[in-house]
$ cat model-v1.tsv   # TSV, C-alpha atoms
chain	number	residue	atom	x	y	z
A	1	MET	CA	260.95	140.90	125.11
A	2	SER	CA	258.32	143.45	126.16
A	3	PHE	CA	258.57	147.13	125.35
A	4	GLY	CA	261.42	148.89	127.16
A	5	ALA	CA	262.64	145.85	129.08
A	6	ARG	CA	266.10	146.10	127.51
A	7	TYR	CA	266.56	149.69	128.61
A	8	LEU	CA	264.32	150.41	131.63
A	9	LEU	CA	264.60	148.78	135.04
A	10	ASP	CA	260.85	148.93	135.44
A	11	PRO	CA	259.02	149.47	132.13
A	12	ASP	CA	255.72	149.66	134.03
A	13	LEU	CA	256.84	153.04	135.36
A	14	PHE	CA	257.02	154.54	131.87
A	15	PRO	CA	255.32	157.97	132.13
A	16	GLY	CA	251.69	157.98	131.11
A	17	ARG	CA	251.80	161.66	130.25
A	18	GLN	CA	254.27	164.40	129.42
A	19	SER	CA	255.30	165.71	132.82
A	20	GLY	CA	258.26	165.72	135.16
A	21	GLU	CA	261.12	167.85	136.40
A	22	ARG	CA	262.57	169.98	133.65
A	23	TRP	CA	266.34	170.12	133.26
A	24	GLY	CA	266.28	173.92	133.11
A	25	ALA	CA	264.53	176.98	131.75
A	26	GLU	CA	266.39	177.30	128.46
A	27	GLY	CA	264.65	176.91	125.12
A	28	ILE	CA	265.54	177.00	121.45
A	29	ALA	CA	263.75	176.44	118.16
A	30	VAL	CA	265.12	174.32	115.31
A	31	GLU	CA	263.71	175.55	112.00
A	32	LEU	CA	263.25	172.55	109.83
A	33	ILE	CA	260.52	171.24	107.55
A	34	GLY	CA	257.29	170.88	109.53
A	35	GLY	CA	258.65	173.09	112.30
A	36	PRO	CA	259.68	175.06	114.10
A	37	TYR	CA	260.58	172.37	116.60
A	38	ARG	CA	260.75	174.06	120.00
A	39	PHE	CA	263.13	172.36	122.43
A	40	LEU	CA	262.05	173.43	125.93
A	41	GLY	CA	263.26	172.70	129.47
A	42	LEU	CA	266.97	172.51	128.62
A	43	ASN	CA	269.86	173.37	130.92
A	44	ALA	CA	272.73	175.55	129.69
A	45	ALA	CA	274.95	172.62	128.67
A	46	GLN	CA	272.15	170.92	126.73
A	47	LEU	CA	271.32	174.21	125.01
A	48	GLN	CA	274.95	174.49	123.94
A	49	VAL	CA	274.84	170.97	122.49
A	50	VAL	CA	271.69	171.72	120.49
A	51	ARG	CA	273.17	174.99	119.20
A	52	ALA	CA	276.39	173.27	118.15
A	53	ARG	CA	274.53	170.37	116.49
A	54	TYR	CA	271.87	172.29	114.60
A	55	GLY	CA	273.81	175.54	114.09
A	56	VAL	CA	272.21	177.90	111.60
A	57	LEU	CA	268.85	176.14	111.93
A	58	CYS	CA	268.53	177.44	115.50
A	59	ALA	CA	266.42	180.44	116.49
A	60	PRO	CA	264.81	181.79	119.67
A	61	PRO	CA	261.70	179.74	120.58
A	62	ALA	CA	259.35	182.66	119.88
A	63	ALA	CA	260.99	183.74	116.61
A	64	SER	CA	258.27	182.15	114.51
A	65	ALA	CA	254.52	182.52	114.86
A	66	GLU	CA	253.99	179.03	113.42
A	67	PRO	CA	252.61	176.61	116.02
A	68	GLY	CA	255.20	173.97	115.12
A	69	VAL	CA	256.01	171.10	117.47
A	70	THR	CA	257.22	171.10	121.09
A	71	LEU	CA	259.90	168.79	122.47
A	72	GLN	CA	260.22	169.01	126.26
A	73	PHE	CA	263.19	167.67	128.20
A	74	PHE	CA	262.79	166.12	131.66
A	75	ARG	CA	265.20	164.61	134.17
A	76	ILE	CA	265.29	160.95	135.03
A	77	ALA	CA	267.63	159.27	137.50
A	78	ALA	CA	270.36	157.18	135.88
A	79	ASP	CA	269.49	154.23	138.11
A	80	GLU	CA	266.05	153.97	136.51
A	81	LEU	CA	267.74	152.82	133.31
A	82	ARG	CA	269.67	149.65	132.65
A	83	PRO	CA	273.40	150.22	132.12
A	84	GLN	CA	274.28	149.76	128.45
A	85	ASP	CA	277.51	148.79	126.77
A	86	LEU	CA	277.00	149.81	123.17
A	87	ARG	CA	280.55	149.12	121.98
A	88	GLY	CA	280.39	147.22	118.72
A	89	GLN	CA	276.61	147.11	118.76
A	90	GLU	CA	274.18	148.68	116.40
A	91	TYR	CA	272.30	151.47	118.10
A	92	THR	CA	268.62	150.56	118.33
A	93	PHE	CA	265.68	151.49	120.50
A	94	ASP	CA	262.21	150.17	121.24
A	95	LEU	CA	259.07	151.71	119.87
A	96	ASP	CA	255.57	150.99	121.04
A	97	TYR	CA	252.67	152.22	118.94
A	98	GLU	CA	249.35	153.27	120.43
A	99	PRO	CA	246.36	154.98	118.80
A	100	HIS	CA	247.17	158.39	120.29
A	101	ALA	CA	250.81	158.01	121.28
A	102	VAL	CA	254.16	156.46	120.40
A	103	ARG	CA	256.48	155.38	123.21
A	104	LEU	CA	260.25	155.11	122.81
A	105	ALA	CA	262.85	153.57	125.10
A	106	GLY	CA	266.54	153.38	124.31
A	107	PRO	CA	270.01	153.65	125.82
A	108	GLY	CA	269.86	156.62	128.17
A	109	PHE	CA	266.35	157.80	127.47
A	110	MET	CA	262.66	157.30	127.23
A	111	ALA	CA	260.33	159.48	125.23
A	112	ARG	CA	256.77	159.74	124.07
A	113	LEU	CA	254.93	161.42	121.22
A	114	ASP	CA	251.30	162.40	121.82
A	115	TRP	CA	248.63	163.68	119.48
A	116	GLN	CA	246.18	165.27	121.85
A	117	PRO	CA	245.54	168.00	120.97
A	118	SER	CA	248.35	168.08	118.37
A	119	LEU	CA	251.71	166.38	117.94
A	120	HIS	CA	254.13	167.09	120.80
A	121	CYS	CA	256.96	165.16	122.39
A	122	ALA	CA	258.66	164.65	125.76
A	123	LEU	CA	262.06	163.15	126.43
A	124	TRP	CA	263.33	161.89	129.80
A	125	THR	CA	267.09	161.42	130.17
A	126	PRO	CA	269.80	161.50	132.83
A	127	ALA	CA	272.22	163.04	130.28
A	128	ALA	CA	272.98	166.60	131.38
A	129	GLY	CA	274.85	167.46	128.19
A	130	GLY	CA	277.76	166.28	126.06
A	131	GLY	CA	277.93	163.59	123.39
A	132	ASP	CA	275.44	161.25	125.05
A	133	PHE	CA	272.84	163.97	125.10
A	134	GLU	CA	273.52	164.86	121.46
A	135	GLY	CA	272.96	161.28	120.33
A	136	ILE	CA	269.83	160.81	122.42
A	137	CYS	CA	268.38	164.10	121.24
A	138	ALA	CA	269.09	163.34	117.56
A	139	ASN	CA	267.49	159.91	117.74
A	140	VAL	CA	264.26	161.17	119.24
A	141	PHE	CA	264.23	164.23	116.96
A	142	ARG	CA	264.46	161.97	113.91
A	143	VAL	CA	261.34	160.07	114.98
A	144	LEU	CA	259.51	163.30	115.75
A	145	VAL	CA	260.29	164.72	112.28
A	146	ALA	CA	259.16	161.47	110.62
A	147	TYR	CA	255.76	161.74	112.30
A	148	ARG	CA	255.45	165.46	111.62
A	149	LEU	CA	256.10	164.93	107.92
A	150	LEU	CA	253.62	162.07	107.87
A	151	GLU	CA	250.82	164.27	109.18
A	152	GLN	CA	251.73	166.93	106.62
A	153	GLY	CA	251.46	164.56	103.65
A	154	GLY	CA	255.19	163.96	103.18
A	155	ALA	CA	257.72	161.38	104.26
A	156	LEU	CA	261.14	161.17	105.89
A	157	LEU	CA	263.07	158.71	103.75
A	158	HIS	CA	266.16	156.57	104.18
A	159	SER	CA	267.84	157.96	101.09
A	160	ALA	CA	270.80	159.70	99.56
A	161	GLY	CA	269.91	163.05	98.03
A	162	VAL	CA	272.20	164.32	95.27
A	163	VAL	CA	271.84	167.56	93.33
A	164	ASP	CA	272.36	167.58	89.57
A	165	GLY	CA	271.36	170.46	87.33
A	166	GLY	CA	269.55	172.25	90.17
A	167	ARG	CA	267.26	169.31	90.88
A	168	ALA	CA	267.44	166.64	93.56
A	169	HIS	CA	267.72	162.94	92.80
A	170	LEU	CA	266.72	160.63	95.65
A	171	PHE	CA	268.39	157.23	95.87
A	172	LEU	CA	266.50	154.96	98.22
A	173	GLY	CA	267.47	151.84	100.03
A	174	ARG	CA	268.15	150.47	103.45
A	175	SER	CA	271.61	150.17	104.98
A	176	GLY	CA	274.00	148.51	102.55
A	177	ALA	CA	272.04	149.37	99.41
A	178	GLY	CA	274.76	151.76	98.23
A	179	LYS	CA	273.53	155.19	99.36
A	180	THR	CA	276.85	156.27	100.83
A	181	THR	CA	278.83	154.72	97.97
A	182	LEU	CA	276.78	156.61	95.41
A	183	SER	CA	277.04	159.80	97.47
A	184	ARG	CA	280.83	159.51	97.56
A	185	LEU	CA	280.97	158.93	93.79
A	186	SER	CA	278.79	161.98	93.27
A	187	LEU	CA	280.85	164.14	95.62
A	188	GLU	CA	284.03	163.14	93.82
A	189	GLN	CA	282.47	164.39	90.60
A	190	GLY	CA	281.66	167.74	92.20
A	191	ARG	CA	277.97	167.25	92.89
A	192	GLN	CA	276.29	168.43	96.06
A	193	VAL	CA	275.05	165.73	98.43
A	194	LEU	CA	272.12	166.77	100.61
A	195	SER	CA	272.21	163.85	103.04
A	196	ASP	CA	273.47	160.32	102.45
A	197	ASP	CA	271.11	158.99	105.11
A	198	MET	CA	267.79	160.81	105.43
A	199	ASN	CA	265.98	163.36	103.33
A	200	ALA	CA	262.48	164.80	103.48
A	201	LEU	CA	260.09	164.51	100.56
A	202	ARG	CA	256.95	166.59	100.35
A	203	GLY	CA	254.41	167.61	97.76
A	204	GLY	CA	253.74	171.14	96.60
A	205	ASP	CA	251.53	172.94	94.11
A	206	ASP	CA	254.19	172.49	91.47
A	207	GLY	CA	255.62	169.02	91.99
A	208	LEU	CA	257.63	167.27	94.65
A	209	TRP	CA	260.33	168.87	96.76
A	210	VAL	CA	263.29	167.49	98.66
A	211	GLU	CA	264.74	169.03	101.80
A	212	ARG	CA	268.06	168.27	103.42
A	213	MET	CA	267.82	166.82	106.93
A	214	PRO	CA	270.47	167.56	109.56
A	215	PHE	CA	270.79	163.88	110.41
A	216	ALA	CA	274.29	162.79	109.55
A	217	GLY	CA	274.95	159.57	107.70
A	218	ASP	CA	278.35	158.02	107.10
A	219	LEU	CA	279.49	161.16	105.28
A	220	GLY	CA	278.91	163.17	108.45
A	221	GLN	CA	277.12	166.21	107.04
A	222	ARG	CA	276.23	168.98	109.46
A	223	ALA	CA	273.22	171.25	109.63
A	224	GLU	CA	272.94	173.83	106.89
A	225	ARG	CA	270.13	176.15	106.01
A	226	ALA	CA	269.12	175.22	102.49
A	227	SER	CA	266.18	175.79	100.20
A	228	ALA	CA	264.01	172.92	99.11
A	229	LEU	CA	264.92	171.52	95.71
A	230	PRO	CA	262.55	170.17	93.06
A	231	LEU	CA	262.69	166.39	92.76
A	232	ALA	CA	263.97	165.02	89.45
A	233	SER	CA	263.46	161.30	90.03
A	234	LEU	CA	263.43	158.49	92.59
A	235	TYR	CA	265.71	155.46	92.34
A	236	ARG	CA	265.73	152.05	93.96
A	237	LEU	CA	269.40	151.22	94.45
A	238	ARG	CA	270.94	147.91	93.56
A	239	GLN	CA	274.68	147.26	93.39
A	240	GLY	CA	275.60	145.02	90.48
A	241	ALA	CA	277.61	144.75	87.30
A	242	GLY	CA	277.62	147.70	84.90
A	243	CYS	CA	275.13	150.50	85.12
A	244	ARG	CA	271.53	150.54	83.95
A	245	LEU	CA	268.20	152.14	84.71
A	246	THR	CA	264.91	150.28	84.64
A	247	GLU	CA	261.65	152.18	84.95
A	248	LEU	CA	259.42	151.19	87.88
A	249	GLY	CA	255.63	151.45	87.99
A	250	LYS	CA	253.64	153.44	90.52
A	251	ALA	CA	252.98	150.40	92.67
A	252	ALA	CA	256.69	149.59	92.90
A	253	ALA	CA	257.46	153.25	93.63
A	254	THR	CA	254.86	153.32	96.41
A	255	ALA	CA	256.24	150.09	97.87
A	256	LEU	CA	259.75	151.54	97.76
A	257	LEU	CA	258.73	154.73	99.54
A	258	VAL	CA	256.87	152.81	102.24
A	259	ALA	CA	259.79	150.45	102.81
A	260	CYS	CA	262.19	153.41	103.16
A	261	ALA	CA	260.06	155.50	105.54
A	262	PRO	CA	261.54	154.57	108.92
A	263	PHE	CA	259.57	154.40	112.18
A	264	VAL	CA	256.18	155.26	110.67
A	265	ASN	CA	256.13	152.21	108.39
A	266	ASP	CA	256.11	149.97	111.47
A	267	ASP	CA	253.22	151.84	113.08
A	268	PRO	CA	249.96	149.89	112.64
A	269	HIS	CA	247.87	152.95	113.56
A	270	ARG	CA	249.43	155.21	110.95
A	271	VAL	CA	250.61	152.98	108.11
A	272	ASP	CA	247.43	153.65	106.13
A	273	GLN	CA	248.26	157.36	106.22
A	274	LEU	CA	251.78	156.55	105.05
A	275	VAL	CA	250.52	154.45	102.15
A	276	ALA	CA	248.13	157.24	101.14
A	277	ASN	CA	250.95	159.82	101.31
A	278	THR	CA	253.41	157.71	99.36
A	279	GLU	CA	250.84	156.75	96.73
A	280	ALA	CA	250.14	160.44	96.12
A	281	LEU	CA	253.86	161.27	96.05
A	282	ALA	CA	254.70	158.39	93.70
A	283	ALA	CA	251.91	159.38	91.30
A	284	THR	CA	253.69	162.55	90.23
A	285	VAL	CA	257.30	161.53	89.68
A	286	SER	CA	259.31	159.00	87.69
A	287	CYS	CA	260.92	156.12	89.55
A	288	HIS	CA	263.67	153.78	88.38
A	289	GLU	CA	265.75	150.92	89.60
A	290	LEU	CA	269.40	151.90	89.32
A	291	THR	CA	271.88	149.04	89.10
A	292	PHE	CA	275.42	150.29	89.40
A	293	ALA	CA	279.00	149.19	89.96
A	294	LEU	CA	281.74	151.19	91.65
A	295	ASP	CA	283.49	151.88	88.35
A	296	SER	CA	280.38	152.81	86.40
A	297	ASP	CA	279.41	156.29	85.26
A	298	VAL	CA	276.11	156.57	87.07
A	299	TRP	CA	275.43	160.16	86.13
A	300	GLN	CA	276.01	159.64	82.43
A	301	THR	CA	273.43	156.84	82.54
A	302	ILE	CA	270.94	158.95	84.48
A	303	ARG	CA	271.31	161.97	82.22
A	304	ALA	CA	270.99	159.86	79.09
A	305	ALA	CA	267.81	158.28	80.42
A	306	LEU	CA	266.14	161.38	81.82
A	307	THR	CA	267.01	163.96	79.17
A	308	PRO	CA	263.95	164.49	76.98
A	309	ARG	CA	264.58	163.49	73.37
A	310	PRO	CA	263.13	165.55	70.53
A	311	ALA	CA	260.14	163.88	68.98
A	312	PRO	CA	260.59	162.69	65.39
A	313	LEU	CA	259.07	165.05	62.84
A	314	ARG	CA	257.34	162.29	60.94
B	315	MET	CA	247.74	121.04	96.72
B	316	ASN	CA	244.86	123.18	97.91
B	317	HIS	CA	241.21	122.15	97.74
B	318	GLU	CA	238.60	124.11	95.85
B	319	SER	CA	236.70	124.53	99.11
B	320	ASP	CA	239.65	126.04	101.04
B	321	VAL	CA	239.16	129.58	102.30
B	322	TYR	CA	242.02	131.99	102.98
B	323	GLN	CA	242.26	135.41	104.59
B	324	ARG	CA	244.88	138.13	104.78
B	325	LEU	CA	246.77	138.38	108.06
B	326	PRO	CA	245.88	141.37	110.27
B	327	ASP	CA	249.26	143.12	109.89
B	328	VAL	CA	249.05	143.07	106.09
B	329	ARG	CA	248.09	146.25	104.24
B	330	PHE	CA	247.11	145.91	100.63
B	331	ARG	CA	246.42	148.47	97.94
B	332	VAL	CA	245.89	148.30	94.19
B	333	ILE	CA	247.72	151.00	92.23
B	334	ASP	CA	247.63	151.09	88.45
B	335	ARG	CA	246.26	147.53	88.49
B	336	GLU	CA	249.32	146.25	90.40
B	337	GLY	CA	249.19	145.36	94.06
B	338	VAL	CA	251.27	146.81	96.89
B	339	VAL	CA	251.47	144.53	99.90
B	340	ILE	CA	252.91	145.83	103.13
B	341	ARG	CA	253.73	143.32	105.80
B	342	GLN	CA	254.55	145.39	108.83
B	343	THR	CA	255.99	142.74	111.10
B	344	ALA	CA	258.63	141.96	108.46
B	345	GLY	CA	259.11	145.56	107.36
B	346	GLU	CA	258.50	144.51	103.76
B	347	ALA	CA	256.63	146.02	100.86
B	348	LEU	CA	255.97	143.74	97.89
B	349	VAL	CA	254.54	144.36	94.44
B	350	LEU	CA	252.14	141.95	92.73
B	351	ASN	CA	251.18	141.82	89.07
B	352	GLU	CA	247.62	142.40	87.93
B	353	VAL	CA	246.39	138.83	88.38
B	354	GLY	CA	248.19	138.48	91.70
B	355	ALA	CA	246.71	141.74	92.92
B	356	ARG	CA	243.19	140.69	91.92
B	357	PHE	CA	243.68	137.32	93.60
B	358	LEU	CA	244.74	138.94	96.86
B	359	GLN	CA	241.80	141.33	96.63
B	360	LEU	CA	239.48	138.34	96.48
B	361	VAL	CA	241.14	136.58	99.43
B	362	ASP	CA	238.73	138.00	101.98
B	363	GLY	CA	237.98	135.12	104.32
B	364	THR	CA	234.67	134.34	102.62
B	365	LEU	CA	235.34	133.15	99.05
B	366	THR	CA	236.66	129.64	98.47
B	367	LEU	CA	239.65	129.08	96.19
B	368	GLY	CA	237.26	127.53	93.67
B	369	GLU	CA	235.11	130.65	93.66
B	370	ILE	CA	238.18	132.86	93.31
B	371	VAL	CA	239.44	130.81	90.36
B	372	ASP	CA	236.02	131.16	88.68
B	373	ARG	CA	236.14	134.94	89.15
B	374	LEU	CA	239.65	135.18	87.73
B	375	LEU	CA	238.68	133.05	84.72
B	376	GLU	CA	235.86	135.52	84.02
B	377	GLU	CA	238.20	138.50	84.23
B	378	PHE	CA	241.44	137.27	82.62
B	379	LYS	CA	242.21	135.27	79.51
B	380	VAL	CA	243.93	132.30	81.13
B	381	GLU	CA	243.58	128.53	80.96
B	382	ARG	CA	241.88	126.97	83.99
B	383	ASP	CA	244.55	124.29	84.52
B	384	GLN	CA	247.38	126.80	84.25
B	385	LEU	CA	245.61	129.24	86.56
B	386	ARG	CA	244.86	126.51	89.11
B	387	ALA	CA	248.54	125.48	89.13
B	388	ASP	CA	249.69	129.09	89.45
B	389	ILE	CA	247.24	129.70	92.29
B	390	ASP	CA	248.55	126.67	94.18
B	391	GLY	CA	252.09	128.00	93.98
B	392	PHE	CA	251.00	131.53	94.81
B	393	VAL	CA	248.99	130.45	97.86
B	394	ALA	CA	252.02	128.54	99.15
B	395	GLU	CA	254.27	131.57	98.58
B	396	LEU	CA	251.88	134.03	100.22
B	397	SER	CA	251.38	131.67	103.17
B	398	GLU	CA	255.13	131.19	103.66
B	399	ASN	CA	255.59	134.96	103.59
B	400	GLY	CA	252.94	135.54	106.24
B	401	ILE	CA	250.56	137.39	103.96
B	402	ILE	CA	247.60	134.99	104.00
B	403	GLU	CA	246.49	132.09	106.17
B	404	ALA	CA	243.89	129.37	105.93
B	405	SER	CA	240.62	130.41	107.46
B	406	SER	CA	239.05	127.68	109.61
B	407	SER	CA	235.58	128.97	108.92
B	408	PRO	CA	234.53	131.58	106.38
B	409	SER	CA	234.45	134.98	108.06
B	410	PRO	CA	234.84	138.51	106.71
B	411	VAL	CA	238.20	140.24	107.02
B	412	PRO	CA	237.78	143.19	109.40

$ encode --input "model-v1.tsv" --output "structure tokens"
Amino acid sequence: MSFGARYLLDPDLFPGRQSGERWGAEGIAVELIGGPYRFLGLNAAQLQVVRARYGVLCAPPAASAEPGVTLQFFRIAADELRPQDLRGQEYTFDLDYEPHAVRLAGPGFMARLDWQPSLHCALWTPAAGGGDFEGICANVFRVLVAYRLLEQGGALLHSAGVVDGGRAHLFLGRSGAGKTTLSRLSLEQGRQVLSDDMNALRGGDDGLWVERMPFAGDLGQRAERASALPLASLYRLRQGAGCRLTELGKAAATALLVACAPFVNDDPHRVDQLVANTEALAATVSCHELTFALDSDVWQTIRAALTPRPAPLR
Amino acid sequence: MNHESDVYQRLPDVRFRVIDREGVVIRQTAGEALVLNEVGARFLQLVDGTLTLGEIVDRLLEEFKVERDQLRADIDGFVAELSENGIIEASSSPSPVP
């Protein structure tokens, strides 16, 4: 099926540039890694939804002097989209990758990211507010953040981020790998979970850093303003008997990061940038495969493996 | 069984990189990232649409301490596996990979 055919009545009418009738004159900035992300052209109800969803991360659009990224909201008539019944279906959308743009079409929206002159985004939707608008906005925002991190040398990763001893441990894997299970186990033991679905990884002068993303997984975290945490280690998750850690090489770590970087790892025009980013990220941190069972003491295993042992005297 | 004169090339959607002598293979259409050992990585490096399997085997024999018969058998299995996974394909006429 061609791009957008599932969602748009006439995919050929997909906008060739970022223009249209704005929903309103309201604007707000979401301060997140790679941002601020300025949401412009909102009506009052949409503004309220964004404020409620991203809470303490919100600021006036001009609060920061950083150029950041712009996300503009435009109206589209509901009858330009195919009616969708999403009950019992996994929520998906179409992406189409071009050298200077990425097009998106999904239930209740179409959107495009452009890179000329710098990354910016437009979203067309008939949703004037409410839960539909929140979901549409979050889905496009996720893609936008993934691309912003990519151009800044980092990666948005399908992962569970758990804090232990002031450092973040990132557990990577696609749906069903055990991210939420491990997050629940960690929460029950009193550890902080950043996100059980998506976390940002970026390099710095002094190692790698993890930032919480306000994209809720099954645990339903909400937006919180939080400092970046130094990364302790990466893990490829595998559910199995017992609990053990096996060290992975840099190639396996790079492959893992690429496989868990949604949206951008499907983009033929930008995958080379992703591989370069992930190779650089993987070069500076340890990576393990973690096999675990529900009744195993994951954290005892991790601490035993990662705690430096004193070198023998002779 | 492949012939010594067969020529293979990587498919256009495959990205390949050697890191610490291992190979990372990214096949975008399947959303997969695979890891190859040192010999596998070197083999895939040499699969460029110009070298025949015979020439690749000769190169590998120069670079690695392996028996020809064992290497030839391993290569046959590896070519079948890579072909089934959409990583390489037979090239009808030798031509450079873009």

$ interface_residues --input "model-v1.tsv" --of "chain A" --to "chain B" --cutoff "9 Å" --atoms "all atoms listed in the file" --output "ChimeraX atom specification"
/A:249-252,254-256,258-259,265-268,271-272,275,279

$ residues_around --input "model-v1.tsv" --residues "Asp388 (chain B)" --least-positions-apart "6" --cutoff "12 Å" --atoms "all atoms listed in the file" --output "MDAnalysis selection string"
chainID B and resid 315:316 353:354 357 371 374 380:382 394:395

$ residues_around --input "model-v1.tsv" --residues "Thr284 (chain A)" --least-positions-apart "4" --cutoff "10 Å" --atoms "all atoms listed in the file" --output "number ranges by chain"
A: 203, 207-208, 233, 250, 279-280

$ residues_near_point --input "model-v1.tsv" --point "(250.0, 163.1, 123.5)" --cutoff "9 Å" --atoms "all atoms listed in the file" --output "compact mmCIF listing (two decimals) with C-alpha atoms, in the coordinates of the input"
# COMPACT_ATOMS: atom_id res chain seq x y z
CA ARG A 17 251.80 161.66 130.25
CA GLN A 18 254.27 164.40 129.42
CA HIS A 100 247.17 158.39 120.29
CA ALA A 101 250.81 158.01 121.28
CA VAL A 102 254.16 156.46 120.40
CA ARG A 112 256.77 159.74 124.07
CA LEU A 113 254.93 161.42 121.22
CA ASP A 114 251.30 162.40 121.82
CA TRP A 115 248.63 163.68 119.48
CA GLN A 116 246.18 165.27 121.85
CA PRO A 117 245.54 168.00 120.97
CA SER A 118 248.35 168.08 118.37
CA LEU A 119 251.71 166.38 117.94
CA HIS A 120 254.13 167.09 120.80
CA CYS A 121 256.96 165.16 122.39

$ closest_residue --input "model-v1.tsv" --among "A:Gly154, A:Pro67, A:Gly20, A:Pro60" --to "Asn277 (chain A)" --atoms "all atoms listed in the file"
A:Gly154

$ atom_distance --input "model-v1.tsv" --atom1 "CA of Ser186 (chain A)" --atom2 "CA of Asp297 (chain A)"
9.8 Å

$ atom_distance --input "model-v1.tsv" --atom1 "CA of Phe215 (chain A)" --atom2 "CA of Arg236 (chain A)"
20.9 Å

$ residues_near_point --input "model-v1.tsv" --point "(247.5, 129.7, 97.3)" --cutoff "10 Å" --atoms "only C-alpha atoms" --output "ChimeraX atom specification"
/B:315-317,320-322,357-358,361,367,386-397,402-404

$ atom_distance --input "model-v1.tsv" --atom1 "CA of Tyr37 (chain A)" --atom2 "CA of Pro230 (chain A)"
23.7 Å

$ residues_around --input "model-v1.tsv" --residues "Leu13 (chain A)" --least-positions-apart "4" --cutoff "12 Å" --atoms "only C-alpha atoms" --output "list in words"
Phe3, Gly4, Ala5, Leu8, Leu9, Arg17, Ile76, Glu80, Leu81, Ala105 and Met110 of chain A

$ residues_around --input "model-v1.tsv" --residues "Leu32 (chain A)" --least-positions-apart "6" --cutoff "9 Å" --atoms "all atoms listed in the file" --output "VMD selection string"
chain A and resid 57 145 211 213 to 214 225

$ axis_aligned_box --input "model-v1.tsv" --around "region 387-404 of chain B" --padding-each-side "5 Å" --output "lines of an AutoDock Vina configuration file"
center_x = 249.7
center_y = 131.4
center_z = 97.7
size_x = 21.7
size_y = 21.9
size_z = 27.1

$ residues_around --input "model-v1.tsv" --residues "Thr246 (chain A)" --least-positions-apart "5" --cutoff "10 Å" --atoms "all atoms listed in the file" --output "ChimeraX atom specification"
/A:235-236,287-291,305

$ closest_residue --input "model-v1.tsv" --among "A:Asp94, A:Gly242, A:Ile302, A:Gly178" --to "Met1 (chain A)" --atoms "only C-alpha atoms"
A:Asp94

$ build_atoms --input "model-v1.tsv" --residues "region 398-402 of chain B" --atoms "all heavy atoms" --output "mmCIF file, keeping the file's coordinate frame"
data_model
loop_
_atom_site.group_PDB
_atom_site.id
_atom_site.type_symbol
_atom_site.label_atom_id
_atom_site.label_comp_id
_atom_site.auth_asym_id
_atom_site.auth_seq_id
_atom_site.Cartn_x
_atom_site.Cartn_y
_atom_site.Cartn_z
ATOM 1 N N GLU B 398 253.763 131.228 103.099
ATOM 2 C CA GLU B 398 255.130 131.190 103.660
ATOM 3 C C GLU B 398 255.602 132.583 104.057
ATOM 4 O O GLU B 398 256.337 132.747 105.014
ATOM 5 C CB GLU B 398 256.103 130.609 102.631
ATOM 6 C CG GLU B 398 256.096 129.102 102.559
ATOM 7 C CD GLU B 398 256.888 128.596 101.356
ATOM 8 O OE1 GLU B 398 257.735 129.358 100.849
ATOM 9 O OE2 GLU B 398 256.635 127.458 100.926
ATOM 10 N N ASN B 399 255.161 133.589 103.313
ATOM 11 C CA ASN B 399 255.590 134.960 103.590
ATOM 12 C C ASN B 399 254.700 135.675 104.610
ATOM 13 O O ASN B 399 254.859 136.880 104.838
ATOM 14 C CB ASN B 399 255.621 135.771 102.300
ATOM 15 C CG ASN B 399 256.865 135.466 101.488
ATOM 16 O OD1 ASN B 399 257.975 135.773 101.885
ATOM 17 N ND2 ASN B 399 256.687 134.798 100.363
ATOM 18 N N GLY B 400 253.770 134.939 105.197
ATOM 19 C CA GLY B 400 252.940 135.540 106.240
ATOM 20 C C GLY B 400 251.977 136.588 105.739
ATOM 21 O O GLY B 400 251.648 137.530 106.453
ATOM 22 N N ILE B 401 251.507 136.411 104.514
ATOM 23 C CA ILE B 401 250.560 137.390 103.960
ATOM 24 C C ILE B 401 249.123 136.879 104.060
ATOM 25 O O ILE B 401 248.206 137.639 104.330
ATOM 26 C CB ILE B 401 250.949 137.720 102.506
ATOM 27 C CG1 ILE B 401 252.293 138.450 102.517
ATOM 28 C CG2 ILE B 401 249.878 138.564 101.813
ATOM 29 C CD1 ILE B 401 252.950 138.584 101.163
ATOM 30 N N ILE B 402 248.943 135.575 103.846
ATOM 31 C CA ILE B 402 247.600 134.990 104.000
ATOM 32 C C ILE B 402 247.698 133.752 104.889
ATOM 33 O O ILE B 402 248.794 133.219 105.110
ATOM 34 C CB ILE B 402 246.978 134.604 102.637
ATOM 35 C CG1 ILE B 402 247.803 133.508 101.930
ATOM 36 C CG2 ILE B 402 246.831 135.822 101.738
ATOM 37 C CD1 ILE B 402 247.138 132.966 100.661
#
